[in-house]
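Q: File target.pdb follows (PDB, C-alpha atoms, pLDDT in the B column):
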MODEL        1
ATOM      1  CA  MET A 765      -0.391 -15.961  19.328  1.00 35.00           C
ATOM      2  CA  THR A 766      -3.749 -16.814  20.747  1.00 37.00           C
ATOM      3  CA  ALA A 767      -5.188 -13.560  19.413  1.00 39.00           C
ATOM      4  CA  GLY A 768      -4.377 -14.666  15.872  1.00 38.00           C
ATOM      5  CA  ASP A 769      -6.289 -17.899  16.356  1.00 39.00           C
ATOM      6  CA  GLY A 770      -9.276 -15.980  17.643  1.00 36.00           C
ATOM      7  CA  ARG A 771      -9.199 -13.737  14.633  1.00 37.00           C
ATOM      8  CA  SER A 772      -9.180 -16.529  12.103  1.00 38.00           C
ATOM      9  CA  VAL A 773     -12.231 -18.006  13.796  1.00 38.00           C
ATOM     10  CA  GLU A 774     -13.944 -14.633  13.688  1.00 37.00           C
ATOM     11  CA  ARG A 775     -13.247 -14.230  10.012  1.00 40.00           C
ATOM     12  CA  GLN A 776     -15.348 -17.246   9.151  1.00 41.00           C
ATOM     13  CA  ALA A 777     -18.390 -15.545  10.660  1.00 42.00           C
ATOM     14  CA  PRO A 778     -18.746 -12.084   9.118  1.00 46.00           C
ATOM     15  CA  GLU A 779     -21.774 -11.268  11.246  1.00 49.00           C
ATOM     16  CA  ARG A 780     -19.502 -11.469  14.267  1.00 48.00           C
ATOM     17  CA  ALA A 781     -17.027  -8.982  12.823  1.00 49.00           C
ATOM     18  CA  ARG A 782     -17.633  -6.506  15.619  1.00 52.00           C
ATOM     19  CA  PRO A 783     -15.438  -8.159  18.274  1.00 61.00           C
ATOM     20  CA  GLU A 784     -12.656  -8.429  15.709  1.00 71.00           C
ATOM     21  CA  VAL A 785     -12.739  -4.669  15.255  1.00 74.00           C
ATOM     22  CA  LEU A 786     -12.456  -4.234  18.997  1.00 76.00           C
ATOM     23  CA  ASP A 787      -9.310  -6.379  18.912  1.00 77.00           C
ATOM     24  CA  GLY A 788      -7.751  -3.871  16.558  1.00 83.00           C
ATOM     25  CA  PRO A 789      -5.600  -0.874  17.334  1.00 87.00           C
ATOM     26  CA  PHE A 790      -8.573   1.404  17.972  1.00 88.00           C
ATOM     27  CA  SER A 791     -10.174   2.038  21.337  1.00 87.00           C
ATOM     28  CA  THR A 792     -13.931   2.116  21.683  1.00 87.00           C
ATOM     29  CA  THR A 793     -13.881   5.907  21.868  1.00 91.00           C
ATOM     30  CA  GLN A 794     -11.841   6.119  18.691  1.00 91.00           C
ATOM     31  CA  LEU A 795     -14.193   3.727  16.899  1.00 91.00           C
ATOM     32  CA  LEU A 796     -17.186   5.795  17.948  1.00 92.00           C
ATOM     33  CA  ARG A 797     -15.499   8.978  16.786  1.00 93.00           C
ATOM     34  CA  LEU A 798     -14.608   7.411  13.462  1.00 93.00           C
ATOM     35  CA  ASP A 799     -18.138   6.146  13.013  1.00 92.00           C
ATOM     36  CA  GLU A 800     -19.539   9.575  13.788  1.00 93.00           C
ATOM     37  CA  ALA A 801     -17.111  11.254  11.377  1.00 93.00           C
ATOM     38  CA  LEU A 802     -18.154   8.897   8.578  1.00 93.00           C
ATOM     39  CA  ARG A 803     -21.839   9.342   9.335  1.00 92.00           C
ATOM     40  CA  LEU A 804     -21.605  13.121   9.469  1.00 92.00           C
ATOM     41  CA  ALA A 805     -19.570  13.207   6.250  1.00 92.00           C
ATOM     42  CA  ASP A 806     -22.111  11.000   4.480  1.00 91.00           C
ATOM     43  CA  ARG A 807     -25.042  13.058   5.668  1.00 90.00           C
ATOM     44  CA  ALA A 808     -23.477  16.428   4.934  1.00 90.00           C
ATOM     45  CA  THR A 809     -22.252  15.645   1.442  1.00 90.00           C
ATOM     46  CA  GLY A 810     -24.536  12.900   0.171  1.00 89.00           C
ATOM     47  CA  LEU A 811     -21.430  10.976  -0.849  1.00 90.00           C
ATOM     48  CA  THR A 812     -20.392   7.667   0.676  1.00 91.00           C
ATOM     49  CA  PHE A 813     -17.222   7.892   2.709  1.00 93.00           C
ATOM     50  CA  SER A 814     -15.390   4.797   3.806  1.00 93.00           C
ATOM     51  CA  ALA A 815     -12.078   4.122   5.479  1.00 93.00           C
ATOM     52  CA  TYR A 816      -9.946   1.016   5.133  1.00 93.00           C
ATOM     53  CA  VAL A 817      -7.056   0.217   7.439  1.00 93.00           C
ATOM     54  CA  GLY A 818      -5.000  -2.798   6.475  1.00 92.00           C
ATOM     55  CA  PRO A 819      -2.507  -4.123   3.990  1.00 92.00           C
ATOM     56  CA  LEU A 820      -2.818  -3.196   0.330  1.00 92.00           C
ATOM     57  CA  ASP A 821      -1.497  -5.323  -2.524  1.00 90.00           C
ATOM     58  CA  GLU A 822       1.012  -3.870  -4.933  1.00 87.00           C
ATOM     59  CA  PRO A 823       0.306  -1.831  -6.972  1.00 90.00           C
ATOM     60  CA  VAL A 824      -1.314  -0.055  -4.081  1.00 92.00           C
ATOM     61  CA  ARG A 825      -3.249   2.491  -6.114  1.00 92.00           C
ATOM     62  CA  ALA A 826      -4.906  -0.156  -8.274  1.00 92.00           C
ATOM     63  CA  HIS A 827      -5.898  -2.175  -5.241  1.00 92.00           C
ATOM     64  CA  ALA A 828      -7.477   0.871  -3.613  1.00 92.00           C
ATOM     65  CA  GLU A 829      -9.374   1.624  -6.823  1.00 92.00           C
ATOM     66  CA  LYS A 830     -10.589  -1.945  -6.966  1.00 91.00           C
ATOM     67  CA  MET A 831     -11.855  -1.639  -3.410  1.00 91.00           C
ATOM     68  CA  LEU A 832     -13.747   1.507  -4.342  1.00 91.00           C
ATOM     69  CA  GLY A 833     -15.365  -0.527  -7.093  1.00 90.00           C
ATOM     70  CA  GLN A 834     -16.689  -2.974  -4.491  1.00 89.00           C
ATOM     71  CA  LEU A 835     -18.921  -0.309  -2.986  1.00 89.00           C
ATOM     72  CA  THR A 836     -22.503  -0.172  -4.194  1.00 88.00           C
ATOM     73  CA  ASP A 837     -22.154   3.246  -5.799  1.00 88.00           C
ATOM     74  CA  PRO A 838     -18.465   3.726  -6.638  1.00 89.00           C
ATOM     75  CA  ASP A 839     -19.063   6.971  -8.558  1.00 90.00           C
ATOM     76  CA  GLN A 840     -20.507   8.644  -5.472  1.00 90.00           C
ATOM     77  CA  SER A 841     -17.963   7.210  -3.062  1.00 92.00           C
ATOM     78  CA  VAL A 842     -14.744   8.271  -1.447  1.00 94.00           C
ATOM     79  CA  LEU A 843     -12.373   5.660  -0.083  1.00 94.00           C
ATOM     80  CA  VAL A 844      -9.566   6.428   2.311  1.00 95.00           C
ATOM     81  CA  ALA A 845      -7.223   3.432   2.338  1.00 95.00           C
ATOM     82  CA  VAL A 846      -4.413   3.296   4.859  1.00 94.00           C
ATOM     83  CA  SER A 847      -1.712   0.659   5.005  1.00 93.00           C
ATOM     84  CA  PRO A 848       0.282   1.190   8.204  1.00 92.00           C
ATOM     85  CA  ASN A 849       2.884  -1.441   7.331  1.00 91.00           C
ATOM     86  CA  GLN A 850       3.578  -0.007   3.896  1.00 91.00           C
ATOM     87  CA  ARG A 851       3.143   3.516   5.260  1.00 92.00           C
ATOM     88  CA  VAL A 852       0.890   4.339   2.360  1.00 94.00           C
ATOM     89  CA  LEU A 853      -2.258   6.422   2.238  1.00 95.00           C
ATOM     90  CA  GLU A 854      -4.551   6.369  -0.781  1.00 94.00           C
ATOM     91  CA  ILE A 855      -7.604   8.549  -1.208  1.00 95.00           C
ATOM     92  CA  VAL A 856      -9.770   7.367  -4.083  1.00 95.00           C
ATOM     93  CA  THR A 857     -12.729   9.369  -5.303  1.00 94.00           C
ATOM     94  CA  GLY A 858     -15.352   8.090  -7.718  1.00 93.00           C
ATOM     95  CA  ALA A 859     -16.153   9.901 -10.969  1.00 91.00           C
ATOM     96  CA  GLU A 860     -19.033  11.881  -9.467  1.00 89.00           C
ATOM     97  CA  ALA A 861     -17.301  12.494  -6.134  1.00 90.00           C
ATOM     98  CA  ARG A 862     -14.231  13.740  -7.973  1.00 90.00           C
ATOM     99  CA  ARG A 863     -16.145  16.663  -9.390  1.00 89.00           C
ATOM    100  CA  ARG A 864     -16.972  17.892  -5.908  1.00 89.00           C
ATOM    101  CA  LEU A 865     -13.705  16.830  -4.379  1.00 90.00           C
ATOM    102  CA  PRO A 866     -10.848  17.914  -6.612  1.00 91.00           C
ATOM    103  CA  ASP A 867      -7.575  16.033  -6.418  1.00 92.00           C
ATOM    104  CA  ARG A 868      -5.921  19.064  -4.901  1.00 92.00           C
ATOM    105  CA  ALA A 869      -8.307  19.023  -1.945  1.00 92.00           C
ATOM    106  CA  CYS A 870      -7.626  15.312  -1.533  1.00 94.00           C
ATOM    107  CA  LYS A 871      -3.901  15.938  -1.527  1.00 94.00           C
ATOM    108  CA  LEU A 872      -4.311  18.545   1.182  1.00 94.00           C
ATOM    109  CA  ALA A 873      -6.330  16.154   3.325  1.00 94.00           C
ATOM    110  CA  ALA A 874      -3.761  13.435   2.638  1.00 95.00           C
ATOM    111  CA  LEU A 875      -0.974  15.661   3.878  1.00 95.00           C
ATOM    112  CA  SER A 876      -2.691  16.374   7.190  1.00 94.00           C
ATOM    113  CA  MET A 877      -3.599  12.716   7.597  1.00 95.00           C
ATOM    114  CA  THR A 878      -0.060  11.469   7.029  1.00 94.00           C
ATOM    115  CA  ALA A 879       1.179  14.048   9.514  1.00 95.00           C
ATOM    116  CA  ALA A 880      -1.044  12.455  12.143  1.00 94.00           C
ATOM    117  CA  PHE A 881      -0.113   8.920  11.055  1.00 93.00           C
ATOM    118  CA  SER A 882       3.592   9.605  11.339  1.00 93.00           C
ATOM    119  CA  GLY A 883       2.904  10.536  14.951  1.00 92.00           C
ATOM    120  CA  GLY A 884       1.165   7.196  15.444  1.00 90.00           C
ATOM    121  CA  ASP A 885      -2.357   8.600  15.545  1.00 91.00           C
ATOM    122  CA  LEU A 886      -4.305   6.489  13.056  1.00 92.00           C
ATOM    123  CA  ALA A 887      -7.798   7.239  14.316  1.00 92.00           C
ATOM    124  CA  GLY A 888      -7.216  10.950  14.814  1.00 94.00           C
ATOM    125  CA  GLY A 889      -5.762  11.321  11.336  1.00 94.00           C
ATOM    126  CA  LEU A 890      -8.668   9.454   9.777  1.00 95.00           C
ATOM    127  CA  VAL A 891     -11.298  11.439  11.665  1.00 95.00           C
ATOM    128  CA  SER A 892      -9.817  14.832  10.849  1.00 95.00           C
ATOM    129  CA  GLY A 893      -9.050  13.819   7.259  1.00 95.00           C
ATOM    130  CA  ILE A 894     -12.593  12.622   6.631  1.00 95.00           C
ATOM    131  CA  ALA A 895     -13.976  15.792   8.181  1.00 94.00           C
ATOM    132  CA  GLN A 896     -11.704  17.843   5.960  1.00 93.00           C
ATOM    133  CA  LEU A 897     -12.755  15.943   2.846  1.00 93.00           C
ATOM    134  CA  ALA A 898     -16.428  16.317   3.725  1.00 93.00           C
ATOM    135  CA  ASP A 899     -15.915  20.001   4.338  1.00 91.00           C
ATOM    136  CA  GLN A 900     -14.342  20.451   0.928  1.00 89.00           C
ATOM    137  CA  ALA A 901     -17.011  18.461  -0.869  1.00 88.00           C
ATOM    138  CA  GLY A 902     -19.797  20.385   0.835  1.00 82.00           C
ATOM    139  CA  ARG A 903     -18.360  23.778   0.058  1.00 55.00           C
ATOM    140  CA  VAL A 904     -17.793  23.005  -3.599  1.00 48.00           C
ATOM    141  CA  ALA A 905     -21.392  21.839  -3.951  1.00 48.00           C
ATOM    142  CA  GLU A 906     -22.731  25.085  -2.548  1.00 53.00           C
ATOM    143  CA  HIS A 907     -21.010  27.102  -5.241  1.00 47.00           C
ATOM    144  CA  SER A 908     -22.041  24.930  -8.163  1.00 48.00           C
TER     145      SER A 908
ATOM    146  CA  MET B 733       8.957  21.133  71.753  1.00 54.00           C
ATOM    147  CA  GLY B 734       6.795  18.216  72.695  1.00 58.00           C
ATOM    148  CA  ALA B 735       3.957  19.063  70.362  1.00 70.00           C
ATOM    149  CA  LEU B 736       3.653  15.561  68.994  1.00 75.00           C
ATOM    150  CA  SER B 737       5.367  12.433  70.115  1.00 82.00           C
ATOM    151  CA  LEU B 738       5.392   9.437  67.797  1.00 81.00           C
ATOM    152  CA  SER B 739       6.703   6.024  68.532  1.00 89.00           C
ATOM    153  CA  ILE B 740       9.059   4.450  65.990  1.00 90.00           C
ATOM    154  CA  ALA B 741       6.285   2.151  64.780  1.00 90.00           C
ATOM    155  CA  GLN B 742       3.956   5.074  64.146  1.00 90.00           C
ATOM    156  CA  THR B 743       6.682   7.014  62.344  1.00 91.00           C
ATOM    157  CA  VAL B 744       7.432   4.084  60.073  1.00 92.00           C
ATOM    158  CA  LEU B 745       3.742   3.544  59.437  1.00 92.00           C
ATOM    159  CA  ILE B 746       3.125   7.163  58.470  1.00 92.00           C
ATOM    160  CA  PHE B 747       6.283   7.980  56.534  1.00 93.00           C
ATOM    161  CA  VAL B 748       6.859   4.594  54.899  1.00 95.00           C
ATOM    162  CA  GLY B 749       3.531   2.807  55.013  1.00 95.00           C
ATOM    163  CA  ILE B 750       1.383   5.577  53.516  1.00 96.00           C
ATOM    164  CA  PRO B 751       3.742   6.426  50.618  1.00 96.00           C
ATOM    165  CA  LEU B 752       4.096   2.726  49.900  1.00 97.00           C
ATOM    166  CA  ALA B 753       0.319   2.315  49.849  1.00 97.00           C
ATOM    167  CA  VAL B 754      -0.027   5.264  47.457  1.00 97.00           C
ATOM    168  CA  VAL B 755       2.636   3.832  45.140  1.00 97.00           C
ATOM    169  CA  LEU B 756       0.942   0.444  45.150  1.00 96.00           C
ATOM    170  CA  ILE B 757      -2.438   1.989  44.332  1.00 96.00           C
ATOM    171  CA  VAL B 758      -0.945   3.883  41.397  1.00 95.00           C
ATOM    172  CA  VAL B 759       0.831   0.769  40.116  1.00 94.00           C
ATOM    173  CA  GLY B 760      -2.400  -1.168  40.443  1.00 93.00           C
ATOM    174  CA  LEU B 761      -4.309   1.448  38.446  1.00 91.00           C
ATOM    175  CA  VAL B 762      -1.666   1.392  35.725  1.00 86.00           C
ATOM    176  CA  TYR B 763      -1.906  -2.364  35.365  1.00 85.00           C
ATOM    177  CA  LEU B 764      -5.700  -2.258  35.378  1.00 84.00           C
ATOM    178  CA  GLY B 765      -5.760  -0.226  32.188  1.00 71.00           C
ATOM    179  CA  GLY B 766      -2.571  -1.796  30.895  1.00 62.00           C
ATOM    180  CA  PRO B 767      -3.401  -4.273  28.139  1.00 62.00           C
ATOM    181  CA  ARG B 768      -5.227  -1.612  26.117  1.00 60.00           C
ATOM    182  CA  ARG B 769      -2.092   0.521  25.825  1.00 59.00           C
ATOM    183  CA  GLY B 770      -0.155  -2.089  23.905  1.00 66.00           C
ATOM    184  CA  LYS B 771      -2.736  -2.313  21.150  1.00 77.00           C
ATOM    185  CA  ARG B 772      -1.951   0.682  19.087  1.00 82.00           C
ATOM    186  CA  TYR B 773      -0.054   1.592  15.978  1.00 87.00           C
ATOM    187  CA  ARG B 774       3.498   2.784  16.397  1.00 86.00           C
ATOM    188  CA  PRO B 775       5.274   4.083  13.313  1.00 86.00           C
ATOM    189  CA  GLY B 776       8.119   1.803  12.380  1.00 84.00           C
ATOM    190  CA  ARG B 777       6.755  -1.140  14.341  1.00 86.00           C
ATOM    191  CA  PRO B 778       4.966  -3.917  12.463  1.00 87.00           C
ATOM    192  CA  TYR B 779       1.216  -3.507  12.303  1.00 87.00           C
ATOM    193  CA  GLU B 780      -0.329  -6.917  12.753  1.00 86.00           C
ATOM    194  CA  PHE B 781      -4.004  -6.267  13.236  1.00 87.00           C
ATOM    195  CA  ALA B 782      -6.784  -7.649  11.076  1.00 87.00           C
ATOM    196  CA  PRO B 783      -7.763  -5.351   8.200  1.00 89.00           C
ATOM    197  CA  VAL B 784     -10.890  -3.290   8.841  1.00 88.00           C
ATOM    198  CA  TRP B 785     -13.137  -1.430   6.466  1.00 90.00           C
ATOM    199  CA  PHE B 786     -15.280   1.256   8.034  1.00 90.00           C
ATOM    200  CA  LEU B 787     -18.529   2.371   6.431  1.00 88.00           C
ATOM    201  CA  ALA B 788     -21.315   4.499   7.826  1.00 82.00           C
ATOM    202  CA  GLY B 789     -23.854   1.908   6.646  1.00 69.00           C
ATOM    203  CA  SER B 790     -22.904  -1.709   6.190  1.00 55.00           C
ATOM    204  CA  GLU B 791     -25.380  -2.166   3.332  1.00 53.00           C
ATOM    205  CA  GLN B 792     -23.240  -0.002   1.098  1.00 51.00           C
ATOM    206  CA  VAL B 793     -20.882  -2.777   0.098  1.00 54.00           C
ATOM    207  CA  THR B 794     -22.112  -4.883  -2.786  1.00 49.00           C
ATOM    208  CA  PRO B 795     -23.361  -8.333  -1.752  1.00 44.00           C
ATOM    209  CA  GLY B 796     -20.667 -10.931  -1.763  1.00 42.00           C
ATOM    210  CA  HIS B 797     -18.154  -8.654  -0.157  1.00 43.00           C
ATOM    211  CA  THR B 798     -18.115  -8.341   3.575  1.00 44.00           C
ATOM    212  CA  ALA B 799     -16.953  -5.129   5.133  1.00 43.00           C
ATOM    213  CA  ILE B 800     -13.784  -6.908   6.177  1.00 43.00           C
ATOM    214  CA  ALA B 801     -11.715  -6.921   3.040  1.00 40.00           C
ATOM    215  CA  ARG B 802     -10.161 -10.080   1.749  1.00 37.00           C
ATOM    216  CA  HIS B 803      -6.788 -10.218   0.286  1.00 36.00           C
ATOM    217  CA  THR B 804      -6.772 -12.382  -2.720  1.00 34.00           C
ATOM    218  CA  PRO B 805      -3.984 -11.346  -5.054  1.00 34.00           C
ATOM    219  CA  VAL B 806      -5.505  -9.254  -7.780  1.00 36.00           C
ATOM    220  CA  ALA B 807      -4.551 -10.077 -11.348  1.00 36.00           C
ATOM    221  CA  LEU B 808      -4.308  -6.617 -12.802  1.00 36.00           C
ATOM    222  CA  PRO B 809      -4.305  -6.032 -16.535  1.00 39.00           C
ATOM    223  CA  ALA B 810      -1.002  -4.592 -17.605  1.00 37.00           C
ATOM    224  CA  PRO B 811      -1.389  -1.067 -18.993  1.00 39.00           C
ATOM    225  CA  GLU B 812      -1.314  -1.321 -22.771  1.00 38.00           C
ATOM    226  CA  THR B 813       0.120   2.113 -23.404  1.00 39.00           C
ATOM    227  CA  GLY B 814       3.735   2.184 -22.346  1.00 38.00           C
ATOM    228  CA  GLY B 815       4.658  -0.612 -19.979  1.00 38.00           C
ATOM    229  CA  ASP B 816       7.377   1.424 -18.337  1.00 43.00           C
ATOM    230  CA  HIS B 817       4.952   3.682 -16.485  1.00 41.00           C
ATOM    231  CA  TRP B 818       4.932   3.819 -12.723  1.00 44.00           C
ATOM    232  CA  PRO B 819       1.758   1.895 -11.861  1.00 46.00           C
ATOM    233  CA  GLY B 820       0.359   4.617  -9.651  1.00 43.00           C
ATOM    234  CA  GLU B 821       0.667   7.222 -12.324  1.00 41.00           C
ATOM    235  CA  VAL B 822      -1.043   5.391 -15.144  1.00 41.00           C
ATOM    236  CA  ALA B 823      -3.966   7.486 -16.299  1.00 43.00           C
ATOM    237  CA  VAL B 824      -7.082   6.115 -14.657  1.00 43.00           C
ATOM    238  CA  GLN B 825      -9.099   4.286 -17.246  1.00 46.00           C
ATOM    239  CA  HIS B 826     -12.211   2.857 -15.595  1.00 52.00           C
ATOM    240  CA  GLY B 827     -14.826   5.171 -14.141  1.00 67.00           C
ATOM    241  CA  GLU B 828     -12.334   8.036 -14.003  1.00 83.00           C
ATOM    242  CA  THR B 829     -11.394   7.872 -10.365  1.00 87.00           C
ATOM    243  CA  GLY B 830      -9.434  10.626  -8.719  1.00 89.00           C
ATOM    244  CA  GLY B 831      -7.876  11.277  -5.370  1.00 89.00           C
ATOM    245  CA  ALA B 832      -4.444  11.508  -3.893  1.00 91.00           C
ATOM    246  CA  SER B 833      -1.631   9.364  -2.551  1.00 91.00           C
ATOM    247  CA  ASP B 834       0.824   9.987   0.190  1.00 92.00           C
ATOM    248  CA  ARG B 835       3.415   8.224   2.294  1.00 91.00           C
ATOM    249  CA  TRP B 836       4.718   8.855   5.745  1.00 89.00           C
TER     250      TRP B 836
ENDMDL
END
Give the structure from this file in structure tokens form.
A:
Amino acid sequence: MTAGDGRSVERQAPERARPEVLDGPFSTTQLLRLDEALRLADRATGLTFSAYVGPLDEPVRAHAEKMLGQLTDPDQSVLVAVSPNQRVLEIVTGAEARRRLPDRACKLAALSMTAAFSGGDLAGGLVSGIAQLADQAGRVAEHS
Amino acid sequence: MGALSLSIAQTVLIFVGIPLAVVLIVVGLVYLGGPRRGKRYRPGRPYEFAPVWFLAGSEQVTPGHTAIARHTPVALPAPETGGDHWPGEVAVQHGETGGASDRW
């Protein structure tokens, strides 16, 4: 596993995290699309969207919530955490984000995302799920 | 008929050589883009890529945490009210987070 050795070297230098991402399961096109989806969602809603793909410690929900807490403004943030090995998807919304993004809307986005994931399409599911979440958050804000 | 007379060598070259060349070109193209295909997630297969955390702006993670998440085991406080709750369904206590969970 030479790739594993390369990764552990990369991890010691966070500023060189970019090549590590390119070693992942996403193609450059998918990474660009994901980046654009996050940027558009952030700009449209004013919330901070982020997506995590990797293992989550049990209990999964608590770990995802803890990760949301690591963001600079957890109340205004939405975290989409995906663990492909555990086949778990967690969408965590901060206190402020939750008002614009009700749990029901999150569940709907989660359903469409897991449908894509079960077909093996991680990036596509994330992109469409984030777009769906941003759409919901934007619409709710217009009414209030 | 006598419209076209081909020697055996020419026949072999045209009807064997050209198809063979086409097949080889296609095989070559497949192997050129090959390694990329293996690096993807397949449901049911182990996912052994490094964890990634995507953010629109990298400055949005509090200092001390890089965008690549670390996995130190988290010592979670046990819920005081009713220890027999399913952990995911314990009422959120801090900051009132919401959201949804799903499996596939």
Q: Contacts of A:Leu865 at 7 Å or less, counting only C-alpha atoms, minus same-chain residues fewer than 5 places along, as a list in words?
A: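 Non-adjacent residues within range: Cys870, Gln900 and Ala901 of chain A.
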Q: Could you please determine the separation between atom CA of A:Lys830 and atom CA of A:Leu811 in Å, to one decimal place?
A: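 So the answer is 17.9 Å.
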Q: Taking all atoms listed in the file into account and nothing else, which residues of chain B lie no more than 6 Å away from chain A? Please answer as a list in words.
A: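 Residues satisfying the distance criterion: Lys771, Arg772, Tyr773, Arg774, Pro775, Tyr779, Phe781, Pro783, Val784, Trp785, Phe786, Leu787, Ala788, Gln792, Val793, Thr794, Gly820, Gly827, Glu828, Thr829, Gly830, Gly831, Ala832, Ser833, Asp834, Arg835 and Trp836 of chain B.
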Q: Limited to C-alpha atoms, could you put the picked residues into a file as an mmCIF file, keeping the file's coordinate frame?
A:
data_model
loop_
_atom_site.group_PDB
_atom_site.id
_atom_site.type_symbol
_atom_site.label_atom_id
_atom_site.label_comp_id
_atom_site.auth_asym_id
_atom_site.auth_seq_id
_atom_site.Cartn_x
_atom_site.Cartn_y
_atom_site.Cartn_z
ATOM 1 C CA LYS B 771 -2.736 -2.313 21.150
ATOM 2 C CA ARG B 772 -1.951 0.682 19.087
ATOM 3 C CA TYR B 773 -0.054 1.592 15.978
ATOM 4 C CA ARG B 774 3.498 2.784 16.397
ATOM 5 C CA PRO B 775 5.274 4.083 13.313
ATOM 6 C CA TYR B 779 1.216 -3.507 12.303
ATOM 7 C CA PHE B 781 -4.004 -6.267 13.236
ATOM 8 C CA PRO B 783 -7.763 -5.351 8.200
ATOM 9 C CA VAL B 784 -10.890 -3.290 8.841
ATOM 10 C CA TRP B 785 -13.137 -1.430 6.466
ATOM 11 C CA PHE B 786 -15.280 1.256 8.034
ATOM 12 C CA LEU B 787 -18.529 2.371 6.431
ATOM 13 C CA ALA B 788 -21.315 4.499 7.826
ATOM 14 C CA GLN B 792 -23.240 -0.002 1.098
ATOM 15 C CA VAL B 793 -20.882 -2.777 0.098
ATOM 16 C CA THR B 794 -22.112 -4.883 -2.786
ATOM 17 C CA GLY B 820 0.359 4.617 -9.651
ATOM 18 C CA GLY B 827 -14.826 5.171 -14.141
ATOM 19 C CA GLU B 828 -12.334 8.036 -14.003
ATOM 20 C CA THR B 829 -11.394 7.872 -10.365
ATOM 21 C CA GLY B 830 -9.434 10.626 -8.719
ATOM 22 C CA GLY B 831 -7.876 11.277 -5.370
ATOM 23 C CA ALA B 832 -4.444 11.508 -3.893
ATOM 24 C CA SER B 833 -1.631 9.364 -2.551
ATOM 25 C CA ASP B 834 0.824 9.987 0.190
ATOM 26 C CA ARG B 835 3.415 8.224 2.294
ATOM 27 C CA TRP B 836 4.718 8.855 5.745
#
Q: Enter the distance from atom CA of B:Ile740 to atom CA of B:Leu752, in Å, rounded to one decimal.
A: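 Calculated distance between atom CA of B:Ile740 and atom CA of B:Leu752 is 16.9 Å.
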Q: Take atom CA of A:Arg864 and atom CA of A:Gly810 and report the distance between them in Å, one decimal.
A: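 Interatomic distance here is 10.9 Å.
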